[in-house]
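Chemist: One file is attached below, structure-v8.txt, containing compact mmCIF, C-alpha atoms and all ligand atoms.
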# COMPACT_ATOMS: atom_id res chain seq x y z
CA MET P 1 -20.94 17.33 -1.04
CA GLU P 2 -17.54 17.89 -2.63
CA ARG P 3 -15.83 20.59 -4.63
CA LEU P 4 -16.26 20.21 -8.35
CA ASP P 5 -12.56 20.90 -9.07
CA LYS P 6 -11.48 18.17 -6.64
CA ILE P 7 -13.78 15.61 -8.20
CA ILE P 8 -12.69 16.43 -11.74
CA ALA P 9 -8.97 16.60 -10.85
CA ASN P 10 -9.24 13.24 -9.06
CA LEU P 11 -10.39 11.69 -12.30
CA GLY P 12 -7.20 12.81 -14.03
CA TYR P 13 -8.50 15.79 -16.02
CA GLY P 14 -5.60 17.93 -14.78
CA THR P 15 -4.73 19.99 -11.74
CA ARG P 16 -7.36 22.06 -9.95
CA LYS P 17 -5.96 25.13 -11.72
CA GLU P 18 -6.46 23.47 -15.09
CA VAL P 19 -10.00 22.47 -14.09
CA LYS P 20 -10.70 26.11 -13.26
CA ILE P 21 -9.74 27.04 -16.82
CA LEU P 22 -11.98 24.26 -18.21
CA CYS P 23 -14.88 25.70 -16.20
CA LYS P 24 -14.17 29.25 -17.43
CA LYS P 25 -14.21 27.92 -21.00
CA GLY P 26 -17.65 26.40 -20.43
CA GLU P 27 -16.35 22.83 -20.83
CA VAL P 28 -17.83 21.68 -17.50
CA LEU P 29 -21.55 20.96 -17.13
CA VAL P 30 -23.42 19.97 -13.97
CA ASN P 31 -26.84 18.48 -14.66
CA GLY P 32 -26.64 19.88 -18.17
CA LYS P 33 -25.79 23.45 -17.17
CA SER P 34 -22.43 25.12 -17.68
CA VAL P 35 -20.69 25.88 -14.37
CA LYS P 36 -18.07 28.65 -14.29
CA ASP P 37 -17.23 28.32 -10.60
CA SER P 38 -14.89 25.35 -10.16
CA GLY P 39 -15.29 25.55 -6.35
CA LEU P 40 -19.00 24.75 -6.52
CA LYS P 41 -20.05 21.99 -4.12
CA VAL P 42 -21.84 19.12 -5.81
CA ASP P 43 -23.00 15.65 -4.85
CA PRO P 44 -20.88 13.26 -6.91
CA ASP P 45 -23.34 10.41 -6.34
CA LYS P 46 -26.35 12.34 -7.65
CA ASP P 47 -25.24 15.22 -9.84
CA ILE P 48 -24.31 14.42 -13.41
CA ILE P 49 -20.98 16.01 -14.25
CA GLN P 50 -19.70 16.32 -17.81
CA VAL P 51 -16.28 17.51 -18.93
CA SER P 52 -15.76 18.35 -22.61
CA GLY P 53 -18.76 16.18 -23.47
CA GLU P 54 -17.69 13.16 -21.39
CA THR P 55 -19.84 12.07 -18.46
CA LEU P 56 -17.79 11.32 -15.34
CA ASN P 57 -17.82 8.04 -13.53
CA TYR P 58 -16.80 9.30 -10.12
CA ARG P 59 -15.26 7.36 -7.30
CA GLU P 60 -13.74 8.62 -4.12
CA PHE P 61 -11.21 5.88 -3.40
CA ILE P 62 -8.66 3.86 -5.31
CA TYR P 63 -7.07 0.57 -4.20
CA LEU P 64 -3.89 -0.63 -5.90
CA LEU P 65 -1.78 -3.73 -5.39
CA MET P 66 1.85 -3.08 -6.32
CA ASN P 67 4.76 -5.46 -6.66
CA LYS P 68 7.29 -3.08 -5.10
CA PRO P 69 10.75 -3.10 -6.67
CA ASP P 70 14.11 -2.73 -4.90
CA GLY P 71 15.50 0.80 -4.51
CA VAL P 72 12.20 2.68 -4.21
CA VAL P 73 10.91 4.13 -0.93
CA SER P 74 7.40 3.54 0.47
CA ALA P 75 6.49 7.19 0.94
CA THR P 76 4.49 9.84 -0.88
CA PHE P 77 7.47 12.19 -1.19
CA ASP P 78 11.24 11.95 -0.80
CA ASN P 79 14.01 14.46 -1.43
CA TYR P 80 16.46 11.89 -2.80
CA ASP P 81 14.81 8.64 -3.77
CA GLU P 82 12.10 7.61 -6.15
CA THR P 83 8.88 6.75 -4.27
CA VAL P 84 6.25 4.11 -4.95
CA ILE P 85 3.84 6.95 -5.79
CA ASP P 86 6.24 8.17 -8.53
CA LEU P 87 5.65 4.80 -10.23
CA LEU P 88 1.90 5.45 -10.64
CA ASP P 89 0.14 6.87 -13.69
CA GLU P 90 -1.08 10.46 -13.39
CA GLU P 91 -4.69 9.27 -13.34
CA TYR P 92 -3.99 7.52 -10.00
CA LYS P 93 -1.67 10.18 -8.56
CA ALA P 94 -4.55 12.64 -8.78
CA PHE P 95 -6.29 10.73 -5.96
CA GLU P 96 -3.37 11.52 -3.62
CA PRO P 97 -2.81 7.89 -2.59
CA PHE P 98 -0.31 6.61 -0.02
CA PRO P 99 1.19 3.22 0.84
CA VAL P 100 -0.51 1.09 3.51
CA GLY P 101 2.34 0.58 6.00
CA ARG P 102 5.92 0.57 4.83
CA LEU P 103 8.38 -1.70 3.15
CA ASP P 104 12.08 -0.83 3.38
CA LYS P 105 13.82 0.59 0.33
CA ASP P 106 15.44 -2.80 -0.35
CA THR P 107 12.35 -4.92 0.42
CA VAL P 108 10.32 -6.06 -2.59
CA GLY P 109 6.84 -7.49 -3.01
CA LEU P 110 3.24 -6.84 -2.11
CA LEU P 111 2.37 -3.27 -1.23
CA LEU P 112 -1.14 -1.86 -1.03
CA ILE P 113 -1.63 1.73 -2.09
CA THR P 114 -4.86 3.63 -1.45
CA ASN P 115 -6.34 6.97 -0.43
CA ASP P 116 -8.86 5.29 1.89
CA GLY P 117 -7.63 6.39 5.33
CA GLU P 118 -10.16 4.31 7.23
CA LEU P 119 -9.14 1.06 5.54
CA ASN P 120 -5.45 1.94 5.96
CA HIS P 121 -5.95 2.40 9.69
CA LYS P 122 -7.77 -0.90 10.01
CA LEU P 123 -5.12 -2.85 8.11
CA ILE P 124 -2.10 -1.53 9.97
CA ALA P 125 -3.44 -1.56 13.56
CA PRO P 126 -1.64 -4.47 15.33
CA LYS P 127 -4.77 -5.16 17.41
CA ASN P 128 -6.54 -6.28 14.24
CA HIS P 129 -4.00 -9.10 13.75
CA VAL P 130 -3.72 -8.87 9.97
CA ASP P 131 -1.09 -11.43 8.90
CA LYS P 132 1.82 -10.23 6.78
CA VAL P 133 3.90 -13.02 5.32
CA TYR P 134 7.47 -12.51 4.10
CA TYR P 135 9.83 -14.74 2.20
CA ALA P 136 13.32 -14.11 3.62
CA GLU P 137 16.84 -15.29 2.87
CA ILE P 138 19.08 -15.44 5.92
CA ASP P 139 22.89 -15.50 6.05
CA LYS P 140 23.12 -18.40 8.55
CA GLU P 141 21.43 -21.65 9.48
CA VAL P 142 17.92 -21.08 10.90
CA THR P 143 17.01 -23.76 13.44
CA ASP P 144 14.02 -25.21 15.30
CA GLU P 145 15.35 -23.27 18.28
CA ASP P 146 14.72 -20.05 16.31
CA ILE P 147 11.15 -21.18 15.53
CA LYS P 148 10.55 -21.48 19.30
CA LYS P 149 12.16 -18.11 20.01
CA PHE P 150 9.96 -16.41 17.41
CA GLU P 151 6.87 -18.12 18.83
CA ASN P 152 7.79 -17.11 22.37
CA ARG P 153 8.21 -13.47 21.37
CA ILE P 154 11.44 -11.79 20.35
CA THR P 155 12.70 -8.68 22.13
CA LEU P 156 14.11 -6.07 19.73
CA ASP P 157 17.24 -3.95 20.29
CA ASP P 158 15.15 -1.10 21.76
CA GLY P 159 13.45 -3.40 24.28
CA TYR P 160 10.22 -3.77 22.29
CA LEU P 161 8.57 -7.16 22.90
CA CYS P 162 7.20 -8.47 19.59
CA MET P 163 3.94 -10.35 19.23
CA PRO P 164 4.44 -14.09 18.57
CA ALA P 165 5.65 -14.74 15.02
CA LYS P 166 5.47 -17.88 12.93
CA LEU P 167 8.64 -19.06 11.27
CA ASN P 168 8.54 -21.72 8.57
CA ILE P 169 11.93 -23.07 7.43
CA LEU P 170 11.93 -23.84 3.71
CA GLU P 171 15.62 -24.67 3.45
CA SER P 172 18.40 -24.38 5.96
CA GLY P 173 22.12 -25.06 5.99
CA GLU P 174 25.49 -23.68 7.08
CA ASN P 175 25.61 -21.41 4.05
CA GLY P 176 22.28 -19.79 4.75
CA SER P 177 18.54 -20.38 4.85
CA CYS P 178 15.25 -19.58 3.15
CA VAL P 179 12.26 -19.05 5.43
CA GLU P 180 8.74 -17.71 5.53
CA ILE P 181 7.85 -15.52 8.47
CA THR P 182 4.37 -14.36 9.47
CA ILE P 183 3.96 -11.26 11.63
CA GLN P 184 0.94 -9.15 12.57
CA GLU P 185 2.62 -5.85 13.28
CA GLY P 186 4.92 -3.57 11.34
CA LYS P 187 7.59 -1.96 13.47
CA PHE P 188 10.45 -0.21 11.68
CA HIS P 189 12.72 -2.90 10.07
CA GLN P 190 10.81 -5.47 12.10
CA VAL P 191 11.78 -8.70 10.34
CA LYS P 192 15.43 -7.65 9.99
CA ARG P 193 15.61 -6.68 13.66
CA MET P 194 13.93 -9.93 14.75
CA PHE P 195 16.65 -11.92 13.00
CA ASP P 196 19.34 -9.57 14.36
CA ALA P 197 18.01 -10.48 17.82
CA VAL P 198 18.93 -14.15 17.20
CA GLY P 199 22.34 -13.24 15.73
CA LYS P 200 21.42 -13.66 12.04
CA SER P 201 20.96 -11.27 9.12
CA VAL P 202 18.27 -10.94 6.48
CA VAL P 203 19.93 -10.71 3.05
CA TYR P 204 16.74 -10.63 0.93
CA LEU P 205 13.16 -9.80 1.92
CA ARG P 206 9.99 -10.07 -0.10
CA ARG P 207 6.43 -9.65 1.18
CA ILE P 208 4.31 -12.40 -0.29
CA SER P 209 0.97 -11.77 1.37
CA PHE P 210 -0.98 -9.18 3.27
CA GLY P 211 -4.10 -10.50 5.03
CA PRO P 212 -6.10 -12.33 2.36
CA LEU P 213 -4.14 -10.80 -0.53
CA LYS P 214 -1.36 -12.83 -2.13
CA ILE P 215 1.43 -11.47 -4.28
CA ASP P 216 0.26 -11.55 -7.88
CA GLU P 217 3.05 -13.33 -9.81
CA SER P 218 1.79 -11.85 -13.08
CA ILE P 219 2.65 -8.32 -11.90
CA GLU P 220 6.27 -7.41 -12.68
CA GLU P 221 8.26 -5.56 -10.02
CA GLY P 222 7.43 -1.85 -10.27
CA LYS P 223 3.99 -2.54 -11.75
CA TYR P 224 0.56 -2.64 -10.12
CA ARG P 225 -3.10 -3.35 -10.70
CA GLU P 226 -6.38 -2.22 -9.18
CA LEU P 227 -7.94 -4.49 -6.57
CA THR P 228 -11.18 -6.13 -7.70
CA GLU P 229 -14.51 -5.22 -6.05
CA GLU P 230 -14.40 -8.62 -4.34
CA GLU P 231 -10.89 -8.05 -2.91
CA ILE P 232 -11.89 -4.59 -1.63
CA ASN P 233 -14.97 -6.03 0.11
CA ILE P 234 -12.93 -8.82 1.72
CA LEU P 235 -10.47 -6.25 3.13
CA LYS P 236 -13.27 -4.01 4.41
CA ASN P 237 -14.97 -6.93 6.15
CA LEU P 238 -11.85 -8.27 7.88
N1 LIG R 1 10.45 -6.00 8.04
C1 LIG R 1 11.59 -5.41 7.63
O1 LIG R 1 12.63 -5.54 8.26
N2 LIG R 1 11.54 -4.70 6.51
C2 LIG R 1 10.44 -4.55 5.77
O2 LIG R 1 10.48 -3.89 4.73
C3 LIG R 1 9.26 -5.17 6.21
C4 LIG R 1 9.30 -5.88 7.37
So that I can check it, write out the structure of this file as structure tokens.
Modeler:
Amino acid sequence: MERLDKIIANLGYGTRKEVKILCKKGEVLVNGKSVKDSGLKVDPDKDIIQVSGETLNYREFIYLLMNKPDGVVSATFDNYDETVIDLLDEEYKAFEPFPVGRLDKDTVGLLLITNDGELNHKLIAPKNHVDKVYYAEIDKEVTDEDIKKFENRITLDDGYLCMPAKLNILESGENGSCVEITIQEGKFHQVKRMFDAVGKSVVYLRRISFGPLKIDESIEEGKYRELTEEEINILKNL
């Protein structure tokens, strides 16, 4: 059972306060009867809720795939910077979603956003070994020696021993390199710190996949789409 005002607000009909006013005005019906108390507990799967003549199609969770742009923080709130949540339409913000894991302010690419805490937990727990693949540009030549070091586990500046990581060199030369790196954990600045540990710097970082999800090239940076039913089921069954 859930509060009527929460259900209606989650569907983008306004804040809970505004929903209260709608109820007072007699605009909200539950099973055909006007309900004045917006705090009434109802069963969203069984009860038929109507607002201003429209029947609600309720869902509890949303799942969005964003192509995160540069300069935006992966948080729900920030005093200074724009957040990935600020980029969402009001209809989605009403569900109080949050990013699954974090990308740095200057990292771009695939970011999942949801309000499903259980799925979030499952996807970010290192023990579940969900692959995250990044495309990275590095300031120096990346070598086969580095591939071995990444495989044999890198130790970060704070002494943390990383899980084995897979490095795939796409291009490498004295002026810099392009690589793909696959990791299964998400420590703070992890990829940047892994390269720091071998004396090299990441100059550009883009996440190109997260578990079975690939970056959707048709989504411009700063835009997003809902996951399909099929994609949601694949993630839940990982
Ligand atoms: N590793 C980093 O260093 N930064 C990110 O944003 C993601 C992984």
Chemist: Just need the box for ligand LIG 1 (chain R), edges along x, y and z, holding every atom the file lists for it with 6 Å tacked onto each side, so centre and edge lengths in Å to one decimal, as lines of an AutoDock Vina configuration file.
Modeler:
center_x = 10.9
center_y = -4.9
center_z = 6.5
size_x = 15.4
size_y = 14.1
size_z = 15.5
Chemist: List all protein, DNA and RNA residues that have any atom at most 7 Å from ligand LIG 1 (chain R), counting all atoms listed in the file, and write the list as an NGL selection string.
Modeler: :P and (102-104 or 107 or 186 or 188-193)
Chemist: Could the residues in this selection be saved with C-alpha atoms as a tab-separated table (two decimals), in the frame of the given file?
Modeler:
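Saved to out25.tsv:
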chain	number	residue	atom	x	y	z
P	102	ARG	CA	5.92	0.57	4.83
P	103	LEU	CA	8.38	-1.70	3.15
P	104	ASP	CA	12.08	-0.83	3.38
P	107	THR	CA	12.35	-4.92	0.42
P	186	GLY	CA	4.92	-3.57	11.34
P	188	PHE	CA	10.45	-0.21	11.68
P	189	HIS	CA	12.72	-2.90	10.07
P	190	GLN	CA	10.81	-5.47	12.10
P	191	VAL	CA	11.78	-8.70	10.34
P	192	LYS	CA	15.43	-7.65	9.99
P	193	ARG	CA	15.61	-6.68	13.66
Chemist: Within 10 Å of (9.7, -19.6, 17.1), only C-alpha atoms: residues as a PyMOL selection string?
Modeler: chain P and resi 143-154+164-168+181
Chemist: Smallest atom-to-atom distance to Gly176 (chain P): which of P:Ser74, P:Asn57, P:Ser201, P:Gln50, using only C-alpha atoms?
Modeler: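 Checking each of P:Ser74, P:Asn57, P:Ser201, P:Gln50 against Gly176 (chain P), counting only C-alpha atoms, the winner is P:Ser201.
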Chemist: So how far away is CA of Ala75 (chain P) from CA of Leu119 (chain P), in Å?
Modeler: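 Distance between the two atoms: 17.4 Å.
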Chemist: Hey, could you make a per-residue contact list for region 61-119 of chain P against region 217-222 of chain P with 8 Å as the cut-off, showing the nearest pair of atoms and its distance in Å to one decimal, counting all atoms listed in the file, sorted by chain and number, as JSON lines?
Modeler:
{"residue": "P:Met66", "atom": "CA", "partner": "P:Gly222", "partner_atom": "CA", "distance": 6.9}
{"residue": "P:Asn67", "atom": "CA", "partner": "P:Glu221", "partner_atom": "CA", "distance": 4.9}
{"residue": "P:Lys68", "atom": "CA", "partner": "P:Gly222", "partner_atom": "CA", "distance": 5.3}
{"residue": "P:Pro69", "atom": "CA", "partner": "P:Glu221", "partner_atom": "CA", "distance": 4.8}
{"residue": "P:Leu87", "atom": "CA", "partner": "P:Gly222", "partner_atom": "CA", "distance": 6.9}
{"residue": "P:Val108", "atom": "CA", "partner": "P:Glu221", "partner_atom": "CA", "distance": 7.7}
{"residue": "P:Gly109", "atom": "CA", "partner": "P:Glu221", "partner_atom": "CA", "distance": 7.4}
Chemist: Would you export the selected residues with C-alpha atoms as a tab-separated table (two decimals), keeping the file's coordinate frame, please?
Modeler:
chain	number	residue	atom	x	y	z
P	66	MET	CA	1.85	-3.08	-6.32
P	67	ASN	CA	4.76	-5.46	-6.66
P	68	LYS	CA	7.29	-3.08	-5.10
P	69	PRO	CA	10.75	-3.10	-6.67
P	87	LEU	CA	5.65	4.80	-10.23
P	108	VAL	CA	10.32	-6.06	-2.59
P	109	GLY	CA	6.84	-7.49	-3.01
Chemist: So how far away is CA of Ser52 (chain P) from CA of Leu29 (chain P), in Å?
Modeler: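 Interatomic distance, CA of Leu29 (chain P) to CA of Ser52 (chain P): 8.4 Å.
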Chemist: Taking only C-alpha atoms into account, which of P:Thr83, P:Ile48, P:Ile21, P:Cys178 comes nearest Lys33 (chain P)?
Modeler: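 For Lys33 (chain P), the nearest of the given residues is P:Ile48.
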Chemist: Point out the residue among P:Lys24, P:Lys41, P:Lys17, P:Lys6 with the least atom-to-atom distance to Glu60 (chain P), counting all atoms listed in the file.
Modeler: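 Ranked by minimum distance to Glu60 (chain P), first place goes to P:Lys6.
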Chemist: Rank nothing, just name the residue among P:Ile8, P:Val30, P:Leu213, P:Ala125 nearest to Lys187 (chain P), using all atoms listed in the file.
Modeler: P:Ala125
Chemist: Report, in Å with one decimal, the straight-line distance from CA of Pro44 (chain P) to CA of Arg59 (chain P).
Modeler: 8.2 Å
Chemist: Which residue out of P:Tyr58, P:Ser38, P:Gly12, P:Leu123 has the minimum interatomic distance to Glu90 (chain P) when all atoms listed in the file are used?
Modeler: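 Of P:Tyr58, P:Ser38, P:Gly12, P:Leu123, the one nearest Glu90 (chain P) is P:Gly12, counting all atoms listed in the file.
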